[in-house]
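Engineer: Handing you this structure, nothing more for now.
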Amino acid sequence: MHENEFLINESMVQKLLDEQCPFLANLPLTPIPSTGTEHTLFRLGKDYIIRLPRVEWSIESVNKTIEKEFKWVPQLAKSLKMSIAEPIFKGKPANDYPWSWTIAKWNDGHNPDFEKADEYNLLAKDLAYFLNDLHSVTLPNGPLSRRGLPLLKLDIETKKAIAELEGEINTQTVTELWTQLLNIPIWNHSHVWVHGDFLPGNILVKNNRLNAVIDFSDLGVGDPACDLIIAWSLFNSASRQLFRTYLENIDNDTWERGRGWALSIALIMLPYYKYSNPTMATLARIMINNVINNA
């Protein structure tokens with residue numbers, strides 16, 4: 001999937017457990033099939049999940065991200081009503097694995113598909129309430145999220161992606177919309193805590209109700225608009241409006257910046273994953289269509 005992806009197998013993970021976490025090493029180890037893009041996952045017994053990064057975007061970025069998660073996610077968990085993927089063990093690089101890795105508490109549920117009817121009305125409320133709680137957390141001195149920034153920071157990469165998609169999408173319409181969204185006033189309030197990658201792959205549902213939120217790699221503080229991408233990646237029009245209704249402290253400008261984040265992320269995802277990850281490519285097309293149509 002990635003050019004410099006590190007291949008991880010079960011025997012490698014068992015060796016890491018034996019050497020670094022012997023008190024859990026005898027629990028059954030089961031690979032978890034996933035359409036995720038950055039981690040290889042294993043279930044450990046009934047109560048835990050192992051997350052092993054398989055790609056690094058810049059030098060030491062993986063270890064820094066895991067340090068951040070291990071420091072802040074347990075603190076956030078104390079302030080949130082909803083269960084989140086709380087890490088309980090931090091592994092170290094080894095001879096045959098180059099980065100830190102984590103064991104987190106297991107949460108039941110499955111990733112939801114894009115909504116085909118009005119079955120996600122209650123989920124829309126659940127997700128809005130989760131974001132209201134998260135955006136209200138008052139832990140001081142949080143790190144800046146890479147997704148909590150002004151949209152202008154995405155301009156070069158977004159326009160590069162648009163050029164790569166010439167002939168596949170209506171690039172003129174997308175360029176005009178992107179320019180329009182870039183001109184939305186920036187967030188001019190205090191930074192709030194954000195998840196940073198609030199897509200369907202990072203929420204777990206049971207019976208169409210939110211059961212947990214996972215993968216806090218992009219956790220930090222900044223503009224809450226980046227967390228609104230779930231609106232165009234999961235909901236149809238009716239549930240999207242319910243989601244917006246239940247959100248607190250999200251004005252029209254923030255909602256429109258959320259559209260901008262959804263558009264940019266989808267445009268960048270599509271050319272990158274269109275051959276290597278069909279699920280992510282399909283999600284990107286859905287998001288682009290929803291943002292363009294504002295439906």
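Convention: chains lettered A, B, ... in structure tokens order; per-chain residue numbering from 1; ligands numbered from 1 as shown.
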I need the residues in segment 3-234 of chain A that are strand (DSSP E or B) according to DSSP; give them as JSON, numbers by chain.

Structural biologist: {"A": [29, 30, 31, 32, 39, 40, 41, 42, 43, 44, 48, 49, 50, 51, 52, 53, 84, 87, 88, 89, 90, 91, 94, 97, 101, 102, 103, 104, 105, 110, 144, 166, 169, 192, 193, 194, 203, 204, 205, 206, 209, 210, 211, 212, 213, 220, 221, 222]}

Engineer: List every residue of segment 176-223 of chain A that has an atom at most 8 Å from any atom of segment 234-256 of chain A, and for each one report the closest atom pair and its distance in Å to one decimal, counting only C-alpha atoms, with rows sorted by chain and then by increasing residue number, as CSV.

Structural biologist:
```
residue,atom,partner,partner_atom,distance
A:Leu181,CA,A:Glu256,CA,6.7
A:Ile184,CA,A:Asp253,CA,6.2
A:Pro185,CA,A:Asp253,CA,6.6
A:Ile186,CA,A:Asp253,CA,7.9
A:Trp187,CA,A:Thr254,CA,7.2
A:Leu199,CA,A:Leu234,CA,7.7
A:Pro200,CA,A:Leu234,CA,6.3
```

Engineer: Using only C-alpha atoms, which protein or nucleic acid residues come within 12 Å of Ala104 of chain A? Drop anything in the same chain fewer than 5 positions from it, and give the result as a PyMOL selection string.

Structural biologist: chain A and resi 41-52+66+69-70+73-74+83-91+214-216

Engineer: Selection from above, C-alpha atoms, as a PDB file, in the first residue's frame, can you write it?

Structural biologist:
```
ATOM      1  CA  LEU A  41      -3.576  -5.042  14.091  1.00  0.00           C
ATOM      2  CA  PHE A  42      -3.706  -8.144  16.270  1.00  0.00           C
ATOM      3  CA  ARG A  43      -6.216  -9.092  18.912  1.00  0.00           C
ATOM      4  CA  LEU A  44      -4.540 -10.273  22.110  1.00  0.00           C
ATOM      5  CA  GLY A  45      -6.786 -12.492  24.204  1.00  0.00           C
ATOM      6  CA  LYS A  46     -10.279 -11.067  24.739  1.00  0.00           C
ATOM      7  CA  ASP A  47      -9.361  -7.732  26.281  1.00  0.00           C
ATOM      8  CA  TYR A  48      -6.552  -6.175  24.224  1.00  0.00           C
ATOM      9  CA  ILE A  49      -5.508  -5.066  20.751  1.00  0.00           C
ATOM     10  CA  ILE A  50      -1.953  -4.624  19.490  1.00  0.00           C
ATOM     11  CA  ARG A  51      -1.287  -1.756  17.081  1.00  0.00           C
ATOM     12  CA  LEU A  52       1.963  -1.839  15.129  1.00  0.00           C
ATOM     13  CA  ILE A  66       3.068   6.948  20.165  1.00  0.00           C
ATOM     14  CA  GLU A  69      -0.883   8.955  22.492  1.00  0.00           C
ATOM     15  CA  PHE A  70       0.510   7.221  25.567  1.00  0.00           C
ATOM     16  CA  VAL A  73      -5.165   9.484  25.560  1.00  0.00           C
ATOM     17  CA  PRO A  74      -5.444   8.055  29.117  1.00  0.00           C
ATOM     18  CA  SER A  83     -15.048   4.565  25.512  1.00  0.00           C
ATOM     19  CA  ILE A  84     -11.867   5.234  23.531  1.00  0.00           C
ATOM     20  CA  ALA A  85      -8.850   3.141  22.521  1.00  0.00           C
ATOM     21  CA  GLU A  86      -6.844   3.655  25.688  1.00  0.00           C
ATOM     22  CA  PRO A  87      -3.240   2.337  25.530  1.00  0.00           C
ATOM     23  CA  ILE A  88      -2.036   0.235  28.443  1.00  0.00           C
ATOM     24  CA  PHE A  89       1.447  -0.817  27.264  1.00  0.00           C
ATOM     25  CA  LYS A  90       4.108   0.835  25.105  1.00  0.00           C
ATOM     26  CA  GLY A  91       6.562  -1.442  23.324  1.00  0.00           C
ATOM     27  CA  ILE A 214     -10.232   4.550  18.166  1.00  0.00           C
ATOM     28  CA  ASP A 215      -6.892   5.627  16.610  1.00  0.00           C
ATOM     29  CA  PHE A 216      -5.813   8.906  18.161  1.00  0.00           C
TER      30      PHE A 216
END
```

Engineer: Name the closest residue to Gly220 of chain A among the candidates A:Leu144, A:Leu154, A:Leu76, A:Leu149; distances are taken between atoms, counting only C-alpha atoms.

Structural biologist: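 The answer is A:Leu144, which sits nearest to Gly220 of chain A.
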
Engineer: For Pro53 of chain A, please output as a ChimeraX atom specification all residues within 10 Å (counting only C-alpha atoms; exclusion window: fewer than 5 positions along the same chain).

Structural biologist: /A:5-8,37-41,62-63,66,97-102

Engineer: Would you export the selected residues with N, CA and C atoms as a CSV table (one decimal), in the first residue's frame, please?

Structural biologist:
```
chain,number,residue,atom,x,y,z
A,5,GLU,N,6.5,0.6,3.2
A,5,GLU,CA,5.8,-0.1,4.2
A,5,GLU,C,6.6,-1.3,4.8
A,6,PHE,N,6.5,-1.4,6.1
A,6,PHE,CA,7.2,-2.5,6.8
A,6,PHE,C,6.3,-3.7,7.0
A,7,LEU,N,6.7,-4.8,6.6
A,7,LEU,CA,5.9,-6.0,6.6
A,7,LEU,C,6.0,-6.7,8.0
A,8,ILE,N,4.8,-7.0,8.6
A,8,ILE,CA,4.7,-7.5,9.9
A,8,ILE,C,4.0,-8.8,9.9
A,37,THR,N,-4.8,2.1,7.0
A,37,THR,CA,-3.7,2.4,6.1
A,37,THR,C,-2.3,2.4,6.8
A,38,GLU,N,-2.3,2.6,8.2
A,38,GLU,CA,-1.1,2.8,8.8
A,38,GLU,C,-0.6,1.8,9.9
A,39,HIS,N,-1.5,0.9,10.3
A,39,HIS,CA,-1.2,0.0,11.4
A,39,HIS,C,-1.6,-1.4,11.0
A,40,THR,N,-0.8,-2.4,11.4
A,40,THR,CA,-1.2,-3.8,11.4
A,40,THR,C,-1.7,-4.1,12.8
A,41,LEU,N,-2.9,-4.8,12.8
A,41,LEU,CA,-3.6,-5.0,14.1
A,41,LEU,C,-3.7,-6.5,14.4
A,62,VAL,N,6.9,8.2,14.0
A,62,VAL,CA,6.1,7.1,14.7
A,62,VAL,C,6.3,7.1,16.2
A,63,ASN,N,7.6,7.2,16.6
A,63,ASN,CA,7.8,7.1,18.0
A,63,ASN,C,7.2,8.4,18.7
A,66,ILE,N,3.4,7.9,19.1
A,66,ILE,CA,3.1,6.9,20.2
A,66,ILE,C,3.3,7.5,21.6
A,97,TYR,N,12.1,-5.1,14.4
A,97,TYR,CA,10.9,-4.2,14.3
A,97,TYR,C,11.4,-2.8,14.6
A,98,PRO,N,11.3,-1.7,13.8
A,98,PRO,CA,12.0,-0.5,14.0
A,98,PRO,C,11.4,0.6,14.9
A,99,TRP,N,10.1,0.4,15.3
A,99,TRP,CA,9.5,1.5,16.0
A,99,TRP,C,8.8,1.1,17.3
A,100,SER,N,8.3,2.1,18.0
A,100,SER,CA,7.5,1.8,19.2
A,100,SER,C,6.2,1.2,18.7
A,101,TRP,N,5.5,0.5,19.6
A,101,TRP,CA,4.2,-0.1,19.3
A,101,TRP,C,3.4,-0.1,20.6
A,102,THR,N,2.1,-0.4,20.5
A,102,THR,CA,1.2,-0.3,21.7
A,102,THR,C,0.3,-1.4,21.8
```

Engineer: What are the nearest atom pairs, with distances in Å to one decimal, for all residues of segment 218-287 of chain A that come at most 12 Å from segment 155-163 of chain A, using only C-alpha atoms, set out by chain and rising residue number as CSV?

Structural biologist:
```
residue,atom,partner,partner_atom,distance
A:Gly260,CA,A:Thr158,CA,10.3
A:Trp261,CA,A:Thr158,CA,10.1
A:Ala262,CA,A:Thr158,CA,11.2
A:Leu263,CA,A:Thr158,CA,8.7
A:Ser264,CA,A:Thr158,CA,5.6
A:Ile265,CA,A:Thr158,CA,8.0
A:Ala266,CA,A:Thr158,CA,9.3
A:Leu267,CA,A:Ala161,CA,5.9
A:Ile268,CA,A:Ala161,CA,5.3
A:Met269,CA,A:Ala161,CA,8.5
A:Leu270,CA,A:Ala161,CA,8.1
A:Pro271,CA,A:Ala161,CA,6.8
A:Tyr272,CA,A:Ala161,CA,8.8
A:Tyr273,CA,A:Ala161,CA,11.8
```

Engineer: Write a file of the just-selected residues containing C-alpha atoms, as a PDB file, in the first residue's frame.

Structural biologist:
```pdb
ATOM      1  CA  GLY A 260     -13.016  22.046   3.163  1.00  0.00           C
ATOM      2  CA  TRP A 261     -11.214  19.462   5.278  1.00  0.00           C
ATOM      3  CA  ALA A 262     -13.425  16.673   3.909  1.00  0.00           C
ATOM      4  CA  LEU A 263     -12.786  17.806   0.338  1.00  0.00           C
ATOM      5  CA  SER A 264      -9.020  18.138   0.775  1.00  0.00           C
ATOM      6  CA  ILE A 265      -8.585  14.807   2.561  1.00  0.00           C
ATOM      7  CA  ALA A 266     -10.683  12.999  -0.053  1.00  0.00           C
ATOM      8  CA  LEU A 267      -8.853  14.584  -2.977  1.00  0.00           C
ATOM      9  CA  ILE A 268      -5.476  13.601  -1.521  1.00  0.00           C
ATOM     10  CA  MET A 269      -6.685  10.085  -0.669  1.00  0.00           C
ATOM     11  CA  LEU A 270      -8.073   9.249  -4.102  1.00  0.00           C
ATOM     12  CA  PRO A 271      -4.945   9.303  -6.286  1.00  0.00           C
ATOM     13  CA  TYR A 272      -2.844   7.796  -3.483  1.00  0.00           C
ATOM     14  CA  TYR A 273      -5.113   4.810  -2.777  1.00  0.00           C
TER      15      TYR A 273
END
```

Engineer: Using Å and a single decimal, report how far atom CA of Ser145 of chain A sits from atom CA of Asp218 of chain A.

Structural biologist: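 Taking atom CA of Asp218 of chain A and atom CA of Ser145 of chain A, their separation equals 5.9 Å.
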
Engineer: In terms of the shortest atom-to-atom distance over only C-alpha atoms, which of A:Ile230, A:Leu165, A:Val194, A:Ala25 is closest to Leu123 of chain A?

Structural biologist: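 Residue with the minimum atom-to-atom distance to Leu123 of chain A: A:Ile230.
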
Engineer: Residues of segment 45-134 of chain A classed as helix (DSSP H, G or I) by DSSP on the backbone are to be reported as number ranges by chain.

Structural biologist: A: 61-77, 121-134

Engineer: So that I have them on file, write out the residues from the current selection with N, CA and C atoms, as a tab-separated table (two decimals), in the first residue's frame.

Structural biologist:
```
chain	number	residue	atom	x	y	z
A	61	SER	N	8.79	10.16	13.46
A	61	SER	CA	7.39	10.55	13.60
A	61	SER	C	6.57	9.48	14.30
A	62	VAL	N	6.86	8.20	14.04
A	62	VAL	CA	6.09	7.12	14.67
A	62	VAL	C	6.31	7.14	16.17
A	63	ASN	N	7.55	7.16	16.61
A	63	ASN	CA	7.83	7.14	18.04
A	63	ASN	C	7.25	8.36	18.75
A	64	LYS	N	7.32	9.52	18.11
A	64	LYS	CA	6.76	10.74	18.71
A	64	LYS	C	5.25	10.64	18.83
A	65	THR	N	4.60	10.08	17.81
A	65	THR	CA	3.14	9.94	17.84
A	65	THR	C	2.71	8.99	18.96
A	66	ILE	N	3.43	7.90	19.12
A	66	ILE	CA	3.07	6.95	20.17
A	66	ILE	C	3.32	7.54	21.55
A	67	GLU	N	4.40	8.29	21.70
A	67	GLU	CA	4.64	8.98	22.98
A	67	GLU	C	3.48	9.91	23.29
A	68	LYS	N	3.01	10.62	22.26
A	68	LYS	CA	1.89	11.56	22.43
A	68	LYS	C	0.63	10.81	22.86
A	69	GLU	N	0.31	9.73	22.16
A	69	GLU	CA	-0.88	8.95	22.49
A	69	GLU	C	-0.80	8.40	23.91
A	70	PHE	N	0.36	7.85	24.26
A	70	PHE	CA	0.51	7.22	25.57
A	70	PHE	C	0.40	8.25	26.70
A	71	LYS	N	0.80	9.47	26.41
A	71	LYS	CA	0.70	10.53	27.43
A	71	LYS	C	-0.71	11.07	27.56
A	72	TRP	N	-1.36	11.37	26.42
A	72	TRP	CA	-2.59	12.15	26.46
A	72	TRP	C	-3.88	11.35	26.40
A	73	VAL	N	-3.90	10.22	25.70
A	73	VAL	CA	-5.17	9.48	25.56
A	73	VAL	C	-5.71	9.01	26.91
A	74	PRO	N	-4.89	8.43	27.81
A	74	PRO	CA	-5.44	8.06	29.12
A	74	PRO	C	-6.01	9.24	29.90
A	75	GLN	N	-5.40	10.42	29.75
A	75	GLN	CA	-5.93	11.60	30.43
A	75	GLN	C	-7.26	12.01	29.83
A	76	LEU	N	-7.36	11.96	28.50
A	76	LEU	CA	-8.62	12.30	27.85
A	76	LEU	C	-9.71	11.31	28.23
A	77	ALA	N	-9.35	10.04	28.37
A	77	ALA	CA	-10.35	9.02	28.68
A	77	ALA	C	-11.09	9.35	29.98
A	121	ASN	N	-29.63	7.89	12.36
A	121	ASN	CA	-30.10	9.09	13.07
A	121	ASN	C	-29.58	9.14	14.51
A	122	LEU	N	-29.66	8.02	15.22
A	122	LEU	CA	-29.18	7.99	16.60
A	122	LEU	C	-27.66	8.07	16.65
A	123	LEU	N	-27.01	7.45	15.68
A	123	LEU	CA	-25.55	7.53	15.61
A	123	LEU	C	-25.09	8.97	15.38
A	124	ALA	N	-25.83	9.70	14.56
A	124	ALA	CA	-25.50	11.11	14.33
A	124	ALA	C	-25.49	11.88	15.65
A	125	LYS	N	-26.46	11.60	16.48
A	125	LYS	CA	-26.53	12.25	17.80
A	125	LYS	C	-25.36	11.81	18.68
A	126	ASP	N	-25.07	10.50	18.67
A	126	ASP	CA	-23.96	9.99	19.47
A	126	ASP	C	-22.63	10.64	19.09
A	127	LEU	N	-22.39	10.76	17.79
A	127	LEU	CA	-21.12	11.32	17.33
A	127	LEU	C	-21.02	12.80	17.65
A	128	ALA	N	-22.13	13.50	17.52
A	128	ALA	CA	-22.13	14.92	17.89
A	128	ALA	C	-21.83	15.09	19.37
A	129	TYR	N	-22.46	14.28	20.21
A	129	TYR	CA	-22.22	14.37	21.64
A	129	TYR	C	-20.78	14.02	22.00
A	130	PHE	N	-20.21	13.04	21.30
A	130	PHE	CA	-18.80	12.73	21.55
A	130	PHE	C	-17.92	13.93	21.23
A	131	LEU	N	-18.15	14.56	20.07
A	131	LEU	CA	-17.33	15.72	19.71
A	131	LEU	C	-17.57	16.88	20.66
A	132	ASN	N	-18.80	17.07	21.10
A	132	ASN	CA	-19.05	18.13	22.07
A	132	ASN	C	-18.22	17.90	23.33
A	133	ASP	N	-18.17	16.65	23.79
A	133	ASP	CA	-17.36	16.33	24.98
A	133	ASP	C	-15.88	16.56	24.71
A	134	LEU	N	-15.40	16.03	23.59
A	134	LEU	CA	-13.97	16.14	23.28
A	134	LEU	C	-13.56	17.59	23.14
```
